[in-house]
Amino acid sequence: MAAQTAEQDKNPRKQSQNGFTEDPLAGIVSPLFFIFAAWVAAGSVGLLAHPLRHAISITLLAAGAFFGLPSSGWTTRPFLVLIAGIGVNLAMAASIAPVINVLGCAAALAGVAFSRSGAPRQALLDSARALAVFATYRFALIAIPWFWLAMDRCGGALASAVAALGRTKLSVGATFGGMDFFVLVAALSTIHVLRCPAPRMREALKAGAIVATGQLVYLLAAALFPSWIHVVEKLKGAAAAPAGGHGATGFQEAVLWHLPALGILVHGFVAAFMIRRLRASAASRPDASADVSPRWQIALVVGLGLALPAVAVLNPTPLSLRGKKVVVHEKGFLNWLKPKHGDYGRLSVGMYGMLPRFFEDYGAQCLISKDLSDADLADAQLLMLIFPNKTWDPGQLERIWRFVRQGGSLLILGEHTVREKDGGSRFNEVLEPTAMRVAFDSATFAVGGWLESYEALAHPASMGFNDDRNQFGVVIGASLHVRWPARPVLIGRWGWNDPGDPTNDETKGGSMMGNQHYDAGEHVGDILLAAEQDFGRGRVMVFGDTSGFTNGILFGSHEYASALFAAMCDRVEFGTLRSVLTLLGLIVLAWALGKPMPSRELLLLLLSFGLSFAVCAAWSQKSAKLIPDGRVRTPNMLAYIDATHSSLVSGESWRVNGLGGLELTLMRNDYHVLSLSEFTAERLQGAGVLISAAPGHPFSAEDRRVLRQFIEGGGIFICTVGYPESAPSREVLADLGFYVGGIGAGTDYGTEPRPFGHFKAPYHNGGDYMAHVRFHAAWNVESSDPQAQPLAYGPRDPHGGPGQRDPSVVLMRRIGKGKAVVIADTQFATNQNLENEGGQPFEGMRENSDFWRWLLTLLNDQPLWVPPKPEAPPAAIPRIIGDDLLDKQ
């Protein structure tokens, strides 16, 4: 065997016994690419948007397959396995769950190994087993809360110890502490050592020293970041940090969020060395990968892969708020206001005035309690304390604790940098009997709203949620300090803890926040945002931020908030027993992966694990899906703004082309307005109004069927889209009998429509005045229904002949029991045309706010609200008066 190895070293490319061309370099490069792909897929290398993370990971997988697959000698079976494997691995790599992404990397490498034979197959399989161990580790982090705490502490302790050697400070968790890199290379080295003949102690010490050295080098580089980043800045001519060294520059923070990428460089060399040793050890031992496992062993492995996710993350019990009683403390740093007519701009949104309405539409009773009396708490399932800041009345804390001990759930919302005059905080006084505390700091994100920066641990309320639109609702609050037996629930992976500054108080116009920049020594990465703990027969959950439950943000976080409330009311949790059983199962799985395993068995294990995890997460997410129902009142005052068709307006509420003003306008008109994340009949059947602002993605046939059903059943559909952006919505609007630009526009035989531009048009004749509505850039809209009713007109064609009719820009028609309205202006409902962020009027008037108020009463067949007479004459903007409209009014 040694002679054969020596011969291969002299002849780098040599025909293997099955006819494939073997290249020792490819045997190292191929698994190395798969390992890099796994690190990227797990989010270990720095802050990456999910699509970019998936793209890089898939590219690395392709490179690994290119180097690892044989170039000749193919037979039918390996070829078919490869084709099937490509489809499966692409699906796994594209999942929103990083655990499934990593399992896909391991399965892909096992599939490449399947195409090989002899020592090359064994070396590739051993690398795939190491990736499987890494996937198991990543699964354990989200499935076992106390394991996450342990790894967080471990990564932080190692980093602090190494930083002390460099005479600097480094406060990190598992991500910036490089635990992902350490675990994978440690798995590689362990498998290599187990491959070696006895005695193994010398090889174990050598491998351990190499892995430890790699970790030491990475942590030293991370700890010395404040020093070497200044050198880099000087070399590139960037601006230096502020005087005194306080506060990182924008360049420094950009590098900071990719600091873990150093780990892929350092540990990449370690992994390459270990893979080379694996090839050597595989060549010196018999090829166990060719063995065929007994059926019972395959069944046991597949059963373990299927069972583990079910034990850890499956919640088959549907959650519900119907019939539940929720008590919310009236007092705190809060108000119970909601948007009202006469008050405009972002700050007019209020804080929690919409919360009782929120619970009502989910079928729950919400009681605002002044003193938390026993009578108020009687029969309640959930007590909610929102930023309490008043001294507790005698007996209140005892009543709260008694409520929880007897089986109630308590939700506490803290806030950043809170220190009352007595030096404490009211929410930490409530948390006194628990192992959780709200820190005196600001948990600050790298990307606004923690977009694509969350790590949600296994919880009945959070399985399967995406984080591309801040579905969890956290903004800048405080971090949490927890210890066992508390359980972490929600992590902000890419952010830092900015310590509070007691001197920056309200006397200086501040809120005791720090400098809002990262300073050396501040904790970075893996910020704990929410946690929970069992207490008596009940449960306590705490958030360091109130934002996700406020009027403005519940619009987008309603799905998570409703699931969270329901899980607490139903007392559904992934508790201690699940964690213990999951840990035992993972130990058995790690033991099995430590032994040589045939490629077929390893593939079946990885695929069954990934499939089970995906199914269990989807099932749990379905169990956590609550549907609000606005039919509890007449008219139905539940409104959705469509977020499922890639709207061409901004998804950020207060951009100039955002829809923040529309959200507030609907709330002022007594609507409960929510973002629509799934276009289904189940969700729309409880709604009264659906608004689609310039959809950028076509409606599918099923979407069009659901929309038609919604309107015919009594729903109101409003679409705002101009002709240039109308292509994606052309088919759905034609189904409803509308044609933006005119009938025939946008077709081969149609003519290009005439733009109307920016103008005002009347919509209500008040006798001695006309109420006008303003358009940003409007177009003509026509209908195939002769009974369609124009609500506002555009200018006539100056080159048109006599007898031409005024073109419509707002058109309504009845369909079944409901109505559809098309406003042929893409930006009509955006802030630049409806409501300024600061609340300033447009040319001194609130014309479009008044128009929406008038329109909504018209559509609901309510007594028509009459817009007031303008106090000042309209500004010098072209005004078009349609003869037909004047005749009617």
# chains A, B, ... in the order shown; residues from 1 in each chain; ligands from 1
$ residues_around --residues "region 853-857 of chain A" --least-positions-apart "6" --cutoff "7 Å" --atoms "only C-alpha atoms" --output "VMD selection string"
chain A and resid 669 863 to 867
$ select_by_dssp --residues "region 358-601 of chain A" --states "helix (DSSP H, G or I)" --output "PyMOL selection string"
chain A and resi 358-361+374-377+396-405+426-430+448-450+506-508+547-549+551-570+576-593+599-601
$ residues_around --residues "region 411-413 of chain A" --least-positions-apart "5" --cutoff "6 Å" --atoms "only C-alpha atoms" --output "ChimeraX atom specification"
/A:384-387,541-543,545-546
$ select_by_dssp --residues "region 678-866 of chain A" --states "strand (DSSP E or B)" --output "ChimeraX atom specification"
/A:689-693,716-720,738-740,757-765,770-778,781-783,789-793,808-815,818-823,842,845
$ closest_residue --among "A:Pro841, A:Pro488, A:Leu662, A:Leu859" --to "Val689 (chain A)" --atoms "only C-alpha atoms"
A:Leu859
$ closest_residue --among "A:Val172, A:Val810, A:Gly610, A:Ile476" --to "Ala91 (chain A)" --atoms "only C-alpha atoms"
A:Gly610
$ closest_residue --among "A:Gly660, A:Pro316, A:Gly177, A:Gly585" --to "Val615 (chain A)" --atoms "only C-alpha atoms"
A:Pro316
$ closest_residue --among "A:Leu60, A:Leu666, A:Leu648, A:Leu611" --to "Pro695 (chain A)" --atoms "only C-alpha atoms"
A:Leu648
$ atom_distance --atom1 "CA of Met179 (chain A)" --atom2 "CA of Pro260 (chain A)"
10.2 Å
$ residues_around --residues "Lys206 (chain A)" --least-positions-apart "2" --cutoff "12 Å" --atoms "only C-alpha atoms" --output "ChimeraX atom specification"
/A:189-190,192-193,200-204,208-213,273-274,277
$ write_last_selection --atoms "N, CA and C atoms" --output "tab-separated table (two decimals), in the first residue's frame"
chain	number	residue	atom	x	y	z
A	189	SER	N	-10.24	16.40	12.03
A	189	SER	CA	-9.07	15.84	12.70
A	189	SER	C	-9.43	14.60	13.51
A	190	THR	N	-10.61	14.61	14.13
A	190	THR	CA	-11.04	13.44	14.92
A	190	THR	C	-11.24	12.23	14.02
A	192	HIS	N	-9.83	11.71	11.17
A	192	HIS	CA	-8.49	11.29	10.75
A	192	HIS	C	-7.80	10.45	11.83
A	193	VAL	N	-7.86	10.92	13.06
A	193	VAL	CA	-7.21	10.18	14.14
A	193	VAL	C	-7.83	8.80	14.30
A	200	ARG	N	-2.72	5.85	18.87
A	200	ARG	CA	-3.12	7.06	18.17
A	200	ARG	C	-2.76	8.34	18.94
A	201	MET	N	-2.20	8.21	20.12
A	201	MET	CA	-2.00	9.39	20.96
A	201	MET	C	-1.13	10.44	20.28
A	202	ARG	N	-0.06	9.99	19.66
A	202	ARG	CA	0.84	10.95	19.03
A	202	ARG	C	0.14	11.72	17.92
A	203	GLU	N	-0.61	10.99	17.08
A	203	GLU	CA	-1.34	11.63	15.99
A	203	GLU	C	-2.44	12.54	16.52
A	204	ALA	N	-3.08	12.14	17.63
A	204	ALA	CA	-4.13	12.96	18.22
A	204	ALA	C	-3.56	14.27	18.74
A	208	GLY	N	-4.55	17.84	17.29
A	208	GLY	CA	-5.10	18.81	18.23
A	208	GLY	C	-4.29	20.09	18.25
A	209	ALA	N	-2.97	19.97	18.18
A	209	ALA	CA	-2.13	21.16	18.19
A	209	ALA	C	-2.33	22.00	16.94
A	210	ILE	N	-2.52	21.35	15.81
A	210	ILE	CA	-2.73	22.09	14.56
A	210	ILE	C	-4.06	22.83	14.61
A	211	VAL	N	-5.12	22.15	15.05
A	211	VAL	CA	-6.43	22.79	15.14
A	211	VAL	C	-6.41	23.95	16.13
A	212	ALA	N	-5.78	23.72	17.29
A	212	ALA	CA	-5.70	24.77	18.30
A	212	ALA	C	-4.90	25.97	17.81
A	213	THR	N	-3.84	25.71	17.05
A	213	THR	CA	-3.03	26.80	16.50
A	213	THR	C	-3.85	27.64	15.53
A	273	PHE	N	-4.85	20.70	5.26
A	273	PHE	CA	-3.86	19.79	5.84
A	273	PHE	C	-4.54	18.52	6.35
A	274	MET	N	-5.68	18.67	7.01
A	274	MET	CA	-6.38	17.52	7.56
A	274	MET	C	-6.94	16.62	6.45
A	277	ARG	N	-4.17	14.56	5.20
A	277	ARG	CA	-3.88	13.46	6.14
A	277	ARG	C	-4.97	12.38	6.06
$ closest_atom_pairs --of "region 663-743 of chain A" --to "region 343-348 of chain A" --cutoff "10 Å" --atoms "only C-alpha atoms" --output "CSV"
residue,atom,partner,partner_atom,distance
A:Leu664,CA,A:Ser348,CA,8.1
A:Thr665,CA,A:Tyr344,CA,8.9
A:Arg668,CA,A:Asp343,CA,9.3
$ write_last_selection --atoms "N, CA and C atoms" --output "PDB file, in the first residue's frame"
ATOM      1  N   LEU A 664     -51.123  54.875   7.729  1.00  0.00           N
ATOM      2  CA  LEU A 664     -51.724  55.766   8.717  1.00  0.00           C
ATOM      3  C   LEU A 664     -53.091  56.254   8.259  1.00  0.00           C
ATOM      4  N   THR A 665     -53.239  56.480   6.964  1.00  0.00           N
ATOM      5  CA  THR A 665     -54.532  56.918   6.435  1.00  0.00           C
ATOM      6  C   THR A 665     -55.606  55.865   6.704  1.00  0.00           C
ATOM      7  N   ARG A 668     -56.467  55.895  10.379  1.00  0.00           N
ATOM      8  CA  ARG A 668     -57.306  57.046  10.733  1.00  0.00           C
ATOM      9  C   ARG A 668     -58.767  56.790  10.385  1.00  0.00           C
TER      10      ARG A 668
END
$ residues_around --residues "region 699-715 of chain A" --least-positions-apart "5" --cutoff "8 Å" --atoms "only C-alpha atoms" --output "list in words"
His645, Phe679, Thr680, Ala681, Leu684, Gln685, Ala687, Gly688, Val689, Leu690, Pro728, Ser729, Glu731, Val732, Asp735, Leu736, Ile815, Gly816, Lys817, Gly818, Lys819 and Ala820 of chain A
$ atom_distance --atom1 "CA of Trp392 (chain A)" --atom2 "CA of Asp534 (chain A)"
23.0 Å
$ residues_around --residues "Ala643 (chain A)" --least-positions-apart "2" --cutoff "12 Å" --atoms "only C-alpha atoms" --output "list in words"
Arg469, Phe555, Gly556, Tyr640, Ile641, His645, Ser646, Ser647, Leu648, Val649, Ser650, Gly651, Glu652, Leu659, Leu674, Ser675, Leu676, Ser677, Glu678, Phe679, Leu690, Ile691, Ser692, Ala693, Ala694, Pro695, Gly696 and His697 of chain A
$ closest_residue --among "A:Trp494, A:Trp779, A:Phe565, A:Phe756" --to "Tyr723 (chain A)" --atoms "only C-alpha atoms"
A:Trp779
$ residues_around --residues "Ala37 (chain A)" --least-positions-apart "6" --cutoff "7 Å" --atoms "only C-alpha atoms" --output "ChimeraX atom specification"
/A:57,60-61,105
$ atom_distance --atom1 "CA of Leu602 (chain A)" --atom2 "CA of Pro145 (chain A)"
27.2 Å
